[in-house]
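Novice: Sharing model.pdb, PDB, C-alpha atoms:
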```pdb
ATOM      1  CA  MET N   1      15.126  -2.507 -17.899
ATOM      2  CA  GLN N   2      14.387  -2.855 -14.196
ATOM      3  CA  TYR N   3      16.808  -1.015 -11.924
ATOM      4  CA  VAL N   4      18.045  -2.069  -8.484
ATOM      5  CA  PRO N   5      17.701   0.352  -5.536
ATOM      6  CA  VAL N   6      20.954   1.133  -3.708
ATOM      7  CA  VAL N   7      21.516   2.299  -0.139
ATOM      8  CA  ASP N   8      24.769   3.084   1.631
ATOM      9  CA  SER N   9      26.057   1.496   4.821
ATOM     10  CA  SER N  10      23.901   3.914   6.861
ATOM     11  CA  GLN N  11      20.714   2.908   4.982
ATOM     12  CA  ARG N  12      20.552   6.224   3.138
ATOM     13  CA  PRO N  13      19.195   5.836  -0.414
ATOM     14  CA  LEU N  14      21.417   6.445  -3.431
ATOM     15  CA  MET N  15      20.668   6.462  -7.149
ATOM     16  CA  PRO N  16      19.588   3.019  -8.438
ATOM     17  CA  THR N  17      21.899   0.934 -10.586
ATOM     18  CA  THR N  18      21.599  -1.667 -13.328
ATOM     19  CA  PRO N  19      21.192  -5.379 -12.496
ATOM     20  CA  MET N  20      24.540  -6.251 -14.150
ATOM     21  CA  ARG N  21      26.459  -3.732 -12.073
ATOM     22  CA  ALA N  22      24.649  -4.824  -8.926
ATOM     23  CA  GLN N  23      25.632  -8.437  -9.656
ATOM     24  CA  ARG N  24      29.305  -7.466 -10.013
ATOM     25  CA  TRP N  25      29.215  -5.549  -6.723
ATOM     26  CA  ILE N  26      27.652  -8.513  -4.928
ATOM     27  CA  GLU N  27      30.197 -11.009  -6.333
ATOM     28  CA  SER N  28      33.131  -8.758  -5.423
ATOM     29  CA  GLY N  29      31.821  -8.152  -1.899
ATOM     30  CA  LYS N  30      31.238  -4.429  -2.424
ATOM     31  CA  ALA N  31      27.509  -4.815  -1.799
ATOM     32  CA  THR N  32      25.105  -7.036   0.111
ATOM     33  CA  PRO N  33      21.692  -7.987  -1.319
ATOM     34  CA  PHE N  34      18.475  -7.683   0.698
ATOM     35  CA  PHE N  35      14.740  -7.360   0.180
ATOM     36  CA  ARG N  36      12.589  -4.445   1.321
ATOM     37  CA  LYS N  37       8.888  -5.278   1.150
ATOM     38  CA  GLY N  38       9.468  -7.631  -1.773
ATOM     39  CA  ILE N  39      11.786  -5.242  -3.667
ATOM     40  CA  PHE N  40      15.289  -6.495  -4.372
ATOM     41  CA  CYS N  41      17.894  -3.972  -3.168
ATOM     42  CA  ILE N  42      21.614  -3.824  -2.437
ATOM     43  CA  ARG N  43      23.530  -2.177   0.391
ATOM     44  CA  LEU N  44      27.007  -0.843  -0.325
ATOM     45  CA  ASN N  45      29.749  -2.029   2.003
ATOM     46  CA  VAL N  46      32.171   0.647   0.745
ATOM     47  CA  GLU N  47      31.959   4.400   0.394
ATOM     48  CA  PRO N  48      30.179   5.345  -2.863
ATOM     49  CA  SER N  49      32.223   7.043  -5.572
ATOM     50  CA  ASN N  50      29.829  10.045  -5.523
ATOM     51  CA  ARG N  51      26.562  11.112  -3.976
ATOM     52  CA  LEU N  52      25.133  13.127  -6.852
ATOM     53  CA  MET N  53      21.357  12.827  -6.894
ATOM     54  CA  GLN N  54      18.975  13.368  -9.776
ATOM     55  CA  PRO N  55      15.396  14.488  -9.122
ATOM     56  CA  VAL N  56      13.293  11.371  -8.458
ATOM     57  CA  ALA N  57       9.501  11.575  -8.309
ATOM     58  CA  VAL N  58       6.814   9.238  -7.013
ATOM     59  CA  GLY N  59       3.504   9.318  -8.871
ATOM     60  CA  ILE N  60       0.375   8.122  -7.037
ATOM     61  CA  ASP N  61      -2.831   7.225  -8.857
ATOM     62  CA  PRO N  62      -5.535   6.578  -6.209
ATOM     63  CA  GLY N  63      -8.390   4.190  -6.915
ATOM     64  CA  SER N  64     -11.284   2.439  -5.224
ATOM     65  CA  LYS N  65     -10.045  -1.096  -6.024
ATOM     66  CA  ARG N  66      -6.495  -0.687  -7.378
ATOM     67  CA  GLU N  67      -3.817   1.985  -6.959
ATOM     68  CA  GLY N  68      -0.784   2.734  -9.092
ATOM     69  CA  TYR N  69       2.662   3.910  -7.916
ATOM     70  CA  THR N  70       5.612   4.858 -10.126
ATOM     71  CA  VAL N  71       9.163   5.865  -9.183
ATOM     72  CA  LYS N  72      10.786   7.814 -12.008
ATOM     73  CA  SER N  73      13.617  10.184 -12.842
ATOM     74  CA  LYS N  74      14.115  12.152 -16.035
ATOM     75  CA  ALA N  75      16.200   9.388 -17.583
ATOM     76  CA  HIS N  76      14.617   6.160 -16.350
ATOM     77  CA  THR N  77      11.528   4.543 -14.847
ATOM     78  CA  TYR N  78      12.733   2.616 -11.818
ATOM     79  CA  LEU N  79       9.620   0.920 -10.446
ATOM     80  CA  ASN N  80       5.920   0.432 -11.210
ATOM     81  CA  GLN N  81       3.694  -0.998  -8.493
ATOM     82  CA  GLN N  82       0.000  -1.773  -8.454
ATOM     83  CA  PHE N  83      -1.603  -2.315  -5.045
ATOM     84  CA  HIS N  84      -4.949  -3.731  -4.080
ATOM     85  CA  ALA N  85      -6.763  -1.033  -2.124
ATOM     86  CA  VAL N  86      -7.644  -1.529   1.542
ATOM     87  CA  ASP N  87     -11.389  -2.030   1.156
ATOM     88  CA  TRP N  88     -12.286  -4.459   3.939
ATOM     89  CA  VAL N  89     -12.227  -2.114   6.959
ATOM     90  CA  LYS N  90     -15.828  -0.923   6.624
ATOM     91  CA  ASP N  91     -17.242  -4.463   6.598
ATOM     92  CA  ALA N  92     -14.938  -5.509   9.450
ATOM     93  CA  GLU N  93     -16.077  -2.572  11.608
ATOM     94  CA  GLU N  94     -19.715  -3.382  10.898
ATOM     95  CA  ALA N  95     -19.193  -7.041  11.841
ATOM     96  CA  SER N  96     -17.392  -6.006  15.020
ATOM     97  CA  THR N  97     -20.242  -3.690  15.997
ATOM     98  CA  ASN N  98     -22.863  -6.369  15.422
ATOM     99  CA  ALA N  99     -20.847  -8.922  17.430
ATOM    100  CA  ARG N 100     -20.431  -6.494  20.324
ATOM    101  CA  ARG N 101     -24.165  -5.779  20.416
ATOM    102  CA  ALA N 102     -24.956  -9.502  20.288
ATOM    103  CA  ARG N 103     -22.661 -10.228  23.235
ATOM    104  CA  ARG N 104     -24.666  -7.877  25.397
ATOM    105  CA  ASN N 105     -27.670 -10.184  25.032
ATOM    106  CA  ARG N 106     -25.680 -13.191  26.226
ATOM    107  CA  LYS N 107     -23.861 -14.067  29.419
ATOM    108  CA  THR N 108     -20.542 -12.919  28.001
ATOM    109  CA  PRO N 109     -18.149 -10.393  29.523
ATOM    110  CA  TYR N 110     -18.328  -7.091  27.672
ATOM    111  CA  ARG N 111     -17.404  -3.501  28.304
ATOM    112  CA  LYS N 112     -20.006  -1.141  29.672
ATOM    113  CA  ASN N 113     -22.071   0.550  27.023
ATOM    114  CA  ARG N 114     -20.955   4.125  26.503
ATOM    115  CA  GLN N 115     -23.328   6.963  25.940
ATOM    116  CA  ASN N 116     -23.927   7.984  22.371
ATOM    117  CA  ARG N 117     -21.371  10.606  21.528
ATOM    118  CA  LYS N 118     -20.204  12.282  18.379
ATOM    119  CA  ARG N 119     -17.057  10.634  17.068
ATOM    120  CA  GLY N 120     -14.632  13.106  15.548
ATOM    121  CA  GLY N 121     -11.763  12.560  13.170
ATOM    122  CA  ILE N 122     -11.664  10.344  10.095
ATOM    123  CA  PRO N 123     -13.791   7.171   9.803
ATOM    124  CA  PRO N 124     -11.717   3.979  10.108
ATOM    125  CA  SER N 125     -12.371   2.829   6.539
ATOM    126  CA  THR N 126     -11.326   6.172   5.055
ATOM    127  CA  LYS N 127      -8.322   6.548   7.328
ATOM    128  CA  ALA N 128      -7.064   3.034   6.493
ATOM    129  CA  ARG N 129      -7.028   3.859   2.778
ATOM    130  CA  TRP N 130      -5.018   7.055   3.199
ATOM    131  CA  GLN N 131      -2.705   5.539   5.797
ATOM    132  CA  PHE N 132      -1.788   2.810   3.328
ATOM    133  CA  LYS N 133      -0.693   5.390   0.749
ATOM    134  CA  VAL N 134       1.604   7.023   3.306
ATOM    135  CA  ARG N 135       3.121   3.662   4.289
ATOM    136  CA  VAL N 136       3.861   2.749   0.675
ATOM    137  CA  VAL N 137       5.581   6.082  -0.019
ATOM    138  CA  LYS N 138       7.636   5.765   3.171
ATOM    139  CA  VAL N 139       8.956   2.396   1.977
ATOM    140  CA  LEU N 140       9.790   3.817  -1.449
ATOM    141  CA  ALA N 141      11.528   6.825   0.115
ATOM    142  CA  SER N 142      13.693   4.490   2.213
ATOM    143  CA  ILE N 143      15.301   2.920  -0.889
ATOM    144  CA  PHE N 144      14.952   5.678  -3.517
ATOM    145  CA  PRO N 145      16.139   9.304  -3.173
ATOM    146  CA  VAL N 146      12.616  10.730  -3.539
ATOM    147  CA  SER N 147      12.587  14.478  -4.109
ATOM    148  CA  HIS N 148       9.028  15.023  -5.422
ATOM    149  CA  ILE N 149       5.623  13.421  -4.868
ATOM    150  CA  GLY N 150       2.760  13.819  -7.313
ATOM    151  CA  ILE N 151      -0.767  12.666  -6.493
ATOM    152  CA  GLU N 152      -3.987  12.933  -8.439
ATOM    153  CA  ASP N 153      -6.342  15.234  -6.589
ATOM    154  CA  ILE N 154      -9.670  13.656  -5.688
ATOM    155  CA  LYS N 155     -12.425  16.243  -5.490
ATOM    156  CA  ALA N 156     -15.709  15.676  -3.698
ATOM    157  CA  THR N 157     -18.443  17.756  -5.311
ATOM    158  CA  THR N 158     -20.941  19.092  -2.795
ATOM    159  CA  LYS N 159     -24.598  19.706  -3.557
ATOM    160  CA  LYS N 160     -26.448  22.696  -2.238
ATOM    161  CA  GLY N 161     -29.228  21.751   0.153
ATOM    162  CA  CYS N 162     -28.288  18.036   0.223
ATOM    163  CA  LYS N 163     -26.908  17.459   3.708
ATOM    164  CA  ALA N 164     -26.720  13.653   3.435
ATOM    165  CA  TRP N 165     -24.620  13.845   0.243
ATOM    166  CA  ASN N 166     -22.239  16.470   1.617
ATOM    167  CA  THR N 167     -21.799  14.644   4.931
ATOM    168  CA  SER N 168     -20.775  11.402   3.214
ATOM    169  CA  PHE N 169     -18.073  13.176   1.220
ATOM    170  CA  SER N 170     -16.582  15.251   4.035
ATOM    171  CA  PRO N 171     -14.465  12.316   5.382
ATOM    172  CA  LEU N 172     -12.936  11.971   1.905
ATOM    173  CA  GLU N 173     -11.791  15.584   1.895
ATOM    174  CA  VAL N 174     -10.511  15.344   5.478
ATOM    175  CA  GLY N 175      -8.632  12.131   4.720
ATOM    176  CA  LYS N 176      -7.087  13.624   1.598
ATOM    177  CA  GLN N 177      -5.822  16.664   3.479
ATOM    178  CA  TRP N 178      -4.394  14.465   6.242
ATOM    179  CA  CYS N 179      -2.585  12.284   3.677
ATOM    180  CA  ASN N 180      -1.072  15.295   1.912
ATOM    181  CA  TRP N 181       0.089  16.669   5.241
ATOM    182  CA  GLU N 182       1.828  13.374   6.069
ATOM    183  CA  LEU N 183       3.401  13.097   2.619
ATOM    184  CA  GLU N 184       4.797  16.617   2.956
ATOM    185  CA  LYS N 185       7.019  15.267   5.742
ATOM    186  CA  ILE N 186       8.718  13.023   3.164
ATOM    187  CA  ALA N 187       8.985  15.304   0.117
ATOM    188  CA  PRO N 188       7.139  18.256  -1.461
ATOM    189  CA  VAL N 189       3.693  17.219  -2.701
ATOM    190  CA  THR N 190       2.102  18.448  -5.930
ATOM    191  CA  LYS N 191      -1.581  17.815  -6.569
ATOM    192  CA  PHE N 192      -2.725  17.323 -10.155
ATOM    193  CA  ASP N 193      -6.208  17.489 -11.608
ATOM    194  CA  GLY N 194      -7.384  14.251 -13.177
ATOM    195  CA  TRP N 195      -8.763  15.878 -16.338
ATOM    196  CA  GLU N 196      -6.629  18.945 -16.945
ATOM    197  CA  ASN N 197      -3.289  17.348 -16.075
ATOM    198  CA  THR N 198      -3.370  13.557 -16.154
ATOM    199  CA  TYR N 199      -5.787  12.955 -19.031
ATOM    200  CA  GLN N 200      -4.570  15.707 -21.348
ATOM    201  CA  THR N 201      -0.901  14.857 -20.765
ATOM    202  CA  ARG N 202      -1.588  11.195 -21.425
ATOM    203  CA  GLN N 203      -3.320  12.069 -24.672
ATOM    204  CA  ALA N 204      -0.493  14.383 -25.729
ATOM    205  CA  LEU N 205       2.083  11.628 -25.142
ATOM    206  CA  GLY N 206       0.042   9.075 -27.080
ATOM    207  CA  LEU N 207      -0.478   6.776 -24.090
ATOM    208  CA  LYS N 208      -3.685   4.789 -23.708
ATOM    209  CA  LYS N 209      -5.401   3.684 -20.528
ATOM    210  CA  SER N 210      -7.126   0.311 -20.351
ATOM    211  CA  LYS N 211     -10.779   0.049 -19.388
ATOM    212  CA  LYS N 212     -10.029  -3.145 -17.453
ATOM    213  CA  LYS N 213      -9.479  -1.573 -14.060
ATOM    214  CA  LEU N 214      -8.737  -4.861 -12.280
ATOM    215  CA  SER N 215      -6.012  -6.054 -14.664
ATOM    216  CA  ASN N 216      -2.354  -5.992 -13.661
ATOM    217  CA  SER N 217      -1.086  -4.471 -16.903
ATOM    218  CA  PHE N 218       0.825  -1.195 -17.068
ATOM    219  CA  ASP N 219      -1.964   0.652 -18.886
ATOM    220  CA  ALA N 220      -4.513  -0.074 -16.126
ATOM    221  CA  HIS N 221      -3.318   2.281 -13.359
ATOM    222  CA  CYS N 222       0.456   2.666 -13.562
ATOM    223  CA  VAL N 223       0.156   4.632 -16.800
ATOM    224  CA  ASP N 224      -1.484   7.455 -14.835
ATOM    225  CA  SER N 225       1.043   7.257 -11.992
ATOM    226  CA  TRP N 226       3.809   7.393 -14.628
ATOM    227  CA  VAL N 227       2.244  10.521 -16.145
ATOM    228  CA  LEU N 228       2.101  12.177 -12.713
ATOM    229  CA  ALA N 229       5.801  11.482 -12.164
ATOM    230  CA  TYR N 230       6.528  12.680 -15.715
ATOM    231  CA  LEU N 231       4.871  16.016 -14.987
ATOM    232  CA  LEU N 232       7.340  16.536 -12.131
ATOM    233  CA  VAL N 233      10.666  15.413 -13.608
ATOM    234  CA  GLY N 234      10.061  15.239 -17.374
ATOM    235  CA  GLY N 235      11.920  12.847 -19.638
ATOM    236  CA  ASP N 236      11.090  10.830 -22.746
ATOM    237  CA  SER N 237       7.560  10.747 -24.108
ATOM    238  CA  GLY N 238       7.157   7.088 -23.187
ATOM    239  CA  PRO N 239       8.147   4.764 -20.336
ATOM    240  CA  ASP N 240      11.315   2.695 -20.736
ATOM    241  CA  ASN N 241      10.078   0.198 -18.130
ATOM    242  CA  THR N 242       6.512  -1.127 -18.199
ATOM    243  CA  ALA N 243       6.991  -4.079 -15.824
ATOM    244  CA  VAL N 244       4.426  -3.962 -13.013
ATOM    245  CA  MET N 245       4.858  -5.402  -9.540
ATOM    246  CA  GLU N 246       1.425  -6.340  -8.241
ATOM    247  CA  CYS N 247       1.093  -6.308  -4.470
ATOM    248  CA  GLN N 248      -1.661  -6.938  -1.966
ATOM    249  CA  PRO N 249      -1.691  -5.621   1.617
ATOM    250  CA  LEU N 250      -1.773  -8.294   4.281
ATOM    251  CA  ARG N 251      -4.884  -8.513   6.402
ATOM    252  CA  ILE N 252      -4.114  -9.821   9.874
ATOM    253  CA  HIS N 253      -7.167 -10.660  12.000
ATOM    254  CA  ARG N 254      -6.655  -9.492  15.555
ATOM    255  CA  ARG N 255      -8.523  -8.286  18.634
ATOM    256  CA  GLN N 256     -11.496 -10.591  18.185
ATOM    257  CA  LEU N 257     -12.912 -12.075  21.389
ATOM    258  CA  HIS N 258     -14.066 -15.337  19.783
ATOM    259  CA  VAL N 259     -15.208 -16.787  16.490
ATOM    260  CA  PHE N 260     -18.664 -15.752  15.336
ATOM    261  CA  ASN N 261     -20.058 -19.260  14.787
ATOM    262  CA  PRO N 262     -20.318 -21.447  17.911
ATOM    263  CA  GLY N 263     -19.034 -24.996  17.868
ATOM    264  CA  LYS N 264     -20.193 -28.044  19.832
ATOM    265  CA  ASN N 265     -22.440 -27.372  22.828
ATOM    266  CA  GLY N 266     -22.575 -23.692  21.872
ATOM    267  CA  TYR N 267     -18.908 -23.144  22.757
ATOM    268  CA  ARG N 268     -17.243 -20.272  20.919
ATOM    269  CA  ARG N 269     -13.552 -20.821  20.358
ATOM    270  CA  PRO N 270     -11.310 -17.875  21.385
ATOM    271  CA  TYR N 271      -9.868 -15.943  18.482
ATOM    272  CA  GLY N 272      -7.534 -13.017  18.926
ATOM    273  CA  GLY N 273      -4.027 -11.835  19.574
ATOM    274  CA  SER N 274      -1.019 -11.763  17.287
ATOM    275  CA  MET N 275       0.283 -15.289  18.024
ATOM    276  CA  SER N 276      -0.989 -18.601  16.701
ATOM    277  CA  GLN N 277       0.486 -21.898  17.939
ATOM    278  CA  GLY N 278       3.610 -20.056  19.025
ATOM    279  CA  LEU N 279       4.081 -18.414  15.626
ATOM    280  CA  LYS N 280       3.561 -14.712  14.978
ATOM    281  CA  ARG N 281       0.827 -13.839  12.538
ATOM    282  CA  GLY N 282       2.022 -11.912   9.540
ATOM    283  CA  GLY N 283       5.394 -13.661   9.646
ATOM    284  CA  ILE N 284       6.982 -14.994   6.477
ATOM    285  CA  VAL N 285       7.414 -18.771   6.319
ATOM    286  CA  LYS N 286       8.804 -21.106   3.659
ATOM    287  CA  HIS N 287       6.418 -23.921   2.816
ATOM    288  CA  PRO N 288       7.595 -26.986   0.861
ATOM    289  CA  LYS N 289       4.530 -26.863  -1.416
ATOM    290  CA  TYR N 290       3.488 -23.184  -1.580
ATOM    291  CA  GLY N 291       6.904 -21.577  -1.234
ATOM    292  CA  LYS N 292       7.095 -18.191   0.499
ATOM    293  CA  CYS N 293       3.898 -17.620   2.472
ATOM    294  CA  CYS N 294       2.428 -15.290   5.057
ATOM    295  CA  LEU N 295       1.211 -16.866   8.279
ATOM    296  CA  GLU N 296      -2.359 -16.041   9.269
ATOM    297  CA  VAL N 297      -4.039 -18.647  11.486
ATOM    298  CA  VAL N 298      -2.769 -22.065  12.472
ATOM    299  CA  LYS N 299      -5.020 -24.489  14.396
ATOM    300  CA  THR N 300      -2.452 -27.298  14.273
ATOM    301  CA  PHE N 301       0.937 -27.552  12.689
ATOM    302  CA  LYS N 302      -0.491 -30.083  10.202
ATOM    303  CA  SER N 303      -2.850 -27.409   8.879
ATOM    304  CA  LEU N 304      -0.032 -24.969   8.184
ATOM    305  CA  ALA N 305      -0.443 -25.404   4.423
ATOM    306  CA  SER N 306      -4.108 -24.371   4.453
ATOM    307  CA  ALA N 307      -3.467 -21.473   6.829
ATOM    308  CA  CYS N 308      -0.892 -19.706   4.661
ATOM    309  CA  THR N 309      -1.548 -17.066   2.062
ATOM    310  CA  VAL N 310       0.832 -17.028  -0.861
ATOM    311  CA  LEU N 311       2.413 -13.633  -1.373
ATOM    312  CA  ILE N 312       1.863 -11.988  -4.730
ATOM    313  CA  GLN N 313       5.188 -11.869  -6.498
ATOM    314  CA  ALA N 314       6.359  -9.404  -9.113
ATOM    315  CA  ASN N 315       5.502 -10.160 -12.700
ATOM    316  CA  ALA N 316       8.307 -11.707 -14.710
TER     317      ALA N 316
END
```
Give the structure from this file in structure tokens form.
Specialist:
Amino acid sequence: MQYVPVVDSSQRPLMPTTPMRAQRWIESGKATPFFRKGIFCIRLNVEPSNRLMQPVAVGIDPGSKREGYTVKSKAHTYLNQQFHAVDWVKDAEEASTNARRARRNRKTPYRKNRQNRKRGGIPPSTKARWQFKVRVVKVLASIFPVSHIGIEDIKATTKKGCKAWNTSFSPLEVGKQWCNWELEKIAPVTKFDGWENTYQTRQALGLKKSKKKLSNSFDAHCVDSWVLAYLLVGGDSGPDNTAVMECQPLRIHRRQLHVFNPGKNGYRRPYGGSMSQGLKRGGIVKHPKYGKCCLEVVKTFKSLASACTVLIQANA
């Protein structure tokens, strides 16, 4: 059974409820329905009967292409989400660098070339991946009373005398530490080893993990995120809710001076900003053919259908 998140009139999360009870509250006027990042929730219009909270954990299973998230208490599994990882930043940064260097060979306004300097911090591609994990947990913590966070620890093995190998893995370790530090602001974080904790616990519970990493089934990634949450709050030896909500982060193209390919007479059409034909990119629109869509780029209002990306809905 899928449960419905509940918040009070001050947007503070309460314990989730059943769909039948949520329907009765909505019909009687005791609650108002709303959506938070595609998740159906209700907001109480009256004072709740009690504010007793059970321990609720969020399990995070990181991955290179897909990531699993599970919200679970000892008694129930409230939500399973599988996200497509943010893996386009590296290619976008490389394309931006090449375009900037090409502009310097043309009669195009460009910023003055800076001297070569060592860039500190986390690389953009690595930082985008870890930032996305923090954003997802913040959304979950806004509708669920999260008290624990469990994440599978990713370890980068260094090799003695191999500077190139160790240098490429250092951003991973730095990004992981930054993510854990940000998650600690939400709830206590517990790191689990992939072999000693996740694998052995999954085997002890009789759960199997699919080898099809790109599938949207529960046993692809959410089975590991469920095990991580189970290690924190306990409960039955198997999940009571295996429905998976598959989501994909929106990619909004911004801050581009012009399109890469020139048009007629070598003219390069401007491309940039957060508005397109008076509409804000990333906004949700209702299309008569495609339904609920996300607005990306609109050349003309007649091309609105081809310029919309259909949002990935939860599995039935």
Novice: Neighbours of segment 201-214 of chain N within 7 Å (all atoms listed in the file; same-chain residues fewer than 3 positions away dropped), as a PyMOL selection string?
Specialist: chain N and resi 66+197-198+219-220+223+227+237
Novice: For Glu184 of chain N, which residue among N:Arg251, N:His148, N:Lys127, N:Lys155 is the nearest when counting only C-alpha atoms?
Specialist: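 Checking each candidate against Glu184 of chain N, we get N:His148 as the closest.
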Novice: Skip Pro109 of chain N itself and residues of its chain fewer than 4 positions away, then list as a short mmCIF file (atom, residue, chain, number, x, y, z; two decimals) with C-alpha atoms, keeping the file's coordinate frame all residues within 12 Å of it, counting all atoms listed in the file.
Specialist:
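As a result, around03.cif now contains:
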```
data_model
loop_
_atom_site.label_atom_id
_atom_site.label_comp_id
_atom_site.auth_asym_id
_atom_site.auth_seq_id
_atom_site.Cartn_x
_atom_site.Cartn_y
_atom_site.Cartn_z
CA ARG N 100 -20.43 -6.49 20.32
CA ARG N 101 -24.16 -5.78 20.42
CA ALA N 102 -24.96 -9.50 20.29
CA ARG N 103 -22.66 -10.23 23.24
CA ARG N 104 -24.67 -7.88 25.40
CA ASN N 105 -27.67 -10.18 25.03
CA ASN N 113 -22.07 0.55 27.02
CA LEU N 257 -12.91 -12.08 21.39
CA HIS N 258 -14.07 -15.34 19.78
#
```
Novice: Which residues match the PyMOL selection byres ((chain N and resi 75) around 12) in the file above, as a list in words?
Specialist: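 Output from the PyMOL selection byres ((chain N and resi 75) around 12), applied to this file: Met1, Tyr3, Met15, Pro16, Gln54, Pro55, Val56, Ala57, Val71, Lys72, Ser73, Lys74, His76, Thr77, Tyr78, Ala229, Tyr230, Val233, Gly234, Gly235, Asp236, Ser237, Gly238, Pro239, Asp240 and Asn241 of chain N.
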Novice: Find the residues around segment 39-43 of chain N up to 7 Å (only C-alpha atoms counted), leave out those fewer than 5 positions away in its own chain, and share them as JSON, numbers by chain.
Specialist: {"N": [4, 5, 6, 7, 8, 9, 31, 32, 33, 34]}
Novice: Could you check which of N:Pro124, N:Arg51, N:Gly282, N:Lys90 is closest to Leu250 of chain N, using only C-alpha atoms?
Specialist: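 Among the listed residues, the smallest separation from Leu250 of chain N belongs to N:Gly282.
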Novice: Using only C-alpha atoms, pick whichever of N:Tyr69, N:Phe144, N:Trp181, N:Trp226 has the shortest atom-to-atom distance to Pro13 of chain N.
Specialist: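 Closest residue, counting only C-alpha atoms: N:Phe144.
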Novice: Which residue out of N:Leu228, N:Thr126, N:Phe218, N:Arg36 has the minimum interatomic distance to Val89 of chain N when all atoms listed in the file are used?
Specialist: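 The closest residue to Val89 of chain N is N:Thr126.
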Novice: Using only C-alpha atoms, which of N:Ala22, N:Ser10, N:Asn261, N:Val244 sits nearest Glu47 of chain N?
Specialist: N:Ser10
Novice: For Leu14 of chain N, which residue out of N:Pro62, N:Val146, N:Val136, N:Asp91 is the nearest one, using all atoms listed in the file?
Specialist: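 So, comparing all the options, the nearest one is N:Val146.
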Novice: By how many Å are atom CA of Met245 of chain N and atom CA of Ser215 of chain N apart?
Specialist: 12.0 Å
Novice: One decimal, Å: what's the distance from atom CA of Ile149 of chain N over to atom CA of Phe192 of chain N, could you say?
Specialist: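 Atom CA of Phe192 of chain N lies 10.6 Å from atom CA of Ile149 of chain N.
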Novice: What does the PyMOL selection byres ((chain N and resi 64) around 10) select in this file, as a PDB file with C-alpha atoms, in the coordinates of the input?
Specialist:
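Once everything was written out, this is out-v6.pdb:
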```pdb
ATOM      1  CA  PRO N  62      -5.535   6.578  -6.209  1.00  0.00           C
ATOM      2  CA  GLY N  63      -8.390   4.190  -6.915  1.00  0.00           C
ATOM      3  CA  LYS N  65     -10.045  -1.096  -6.024  1.00  0.00           C
ATOM      4  CA  ARG N  66      -6.495  -0.687  -7.378  1.00  0.00           C
ATOM      5  CA  GLU N  67      -3.817   1.985  -6.959  1.00  0.00           C
ATOM      6  CA  HIS N  84      -4.949  -3.731  -4.080  1.00  0.00           C
ATOM      7  CA  ALA N  85      -6.763  -1.033  -2.124  1.00  0.00           C
ATOM      8  CA  VAL N  86      -7.644  -1.529   1.542  1.00  0.00           C
ATOM      9  CA  ASP N  87     -11.389  -2.030   1.156  1.00  0.00           C
ATOM     10  CA  ARG N 129      -7.028   3.859   2.778  1.00  0.00           C
ATOM     11  CA  LYS N 213      -9.479  -1.573 -14.060  1.00  0.00           C
TER      12      LYS N 213
END
```
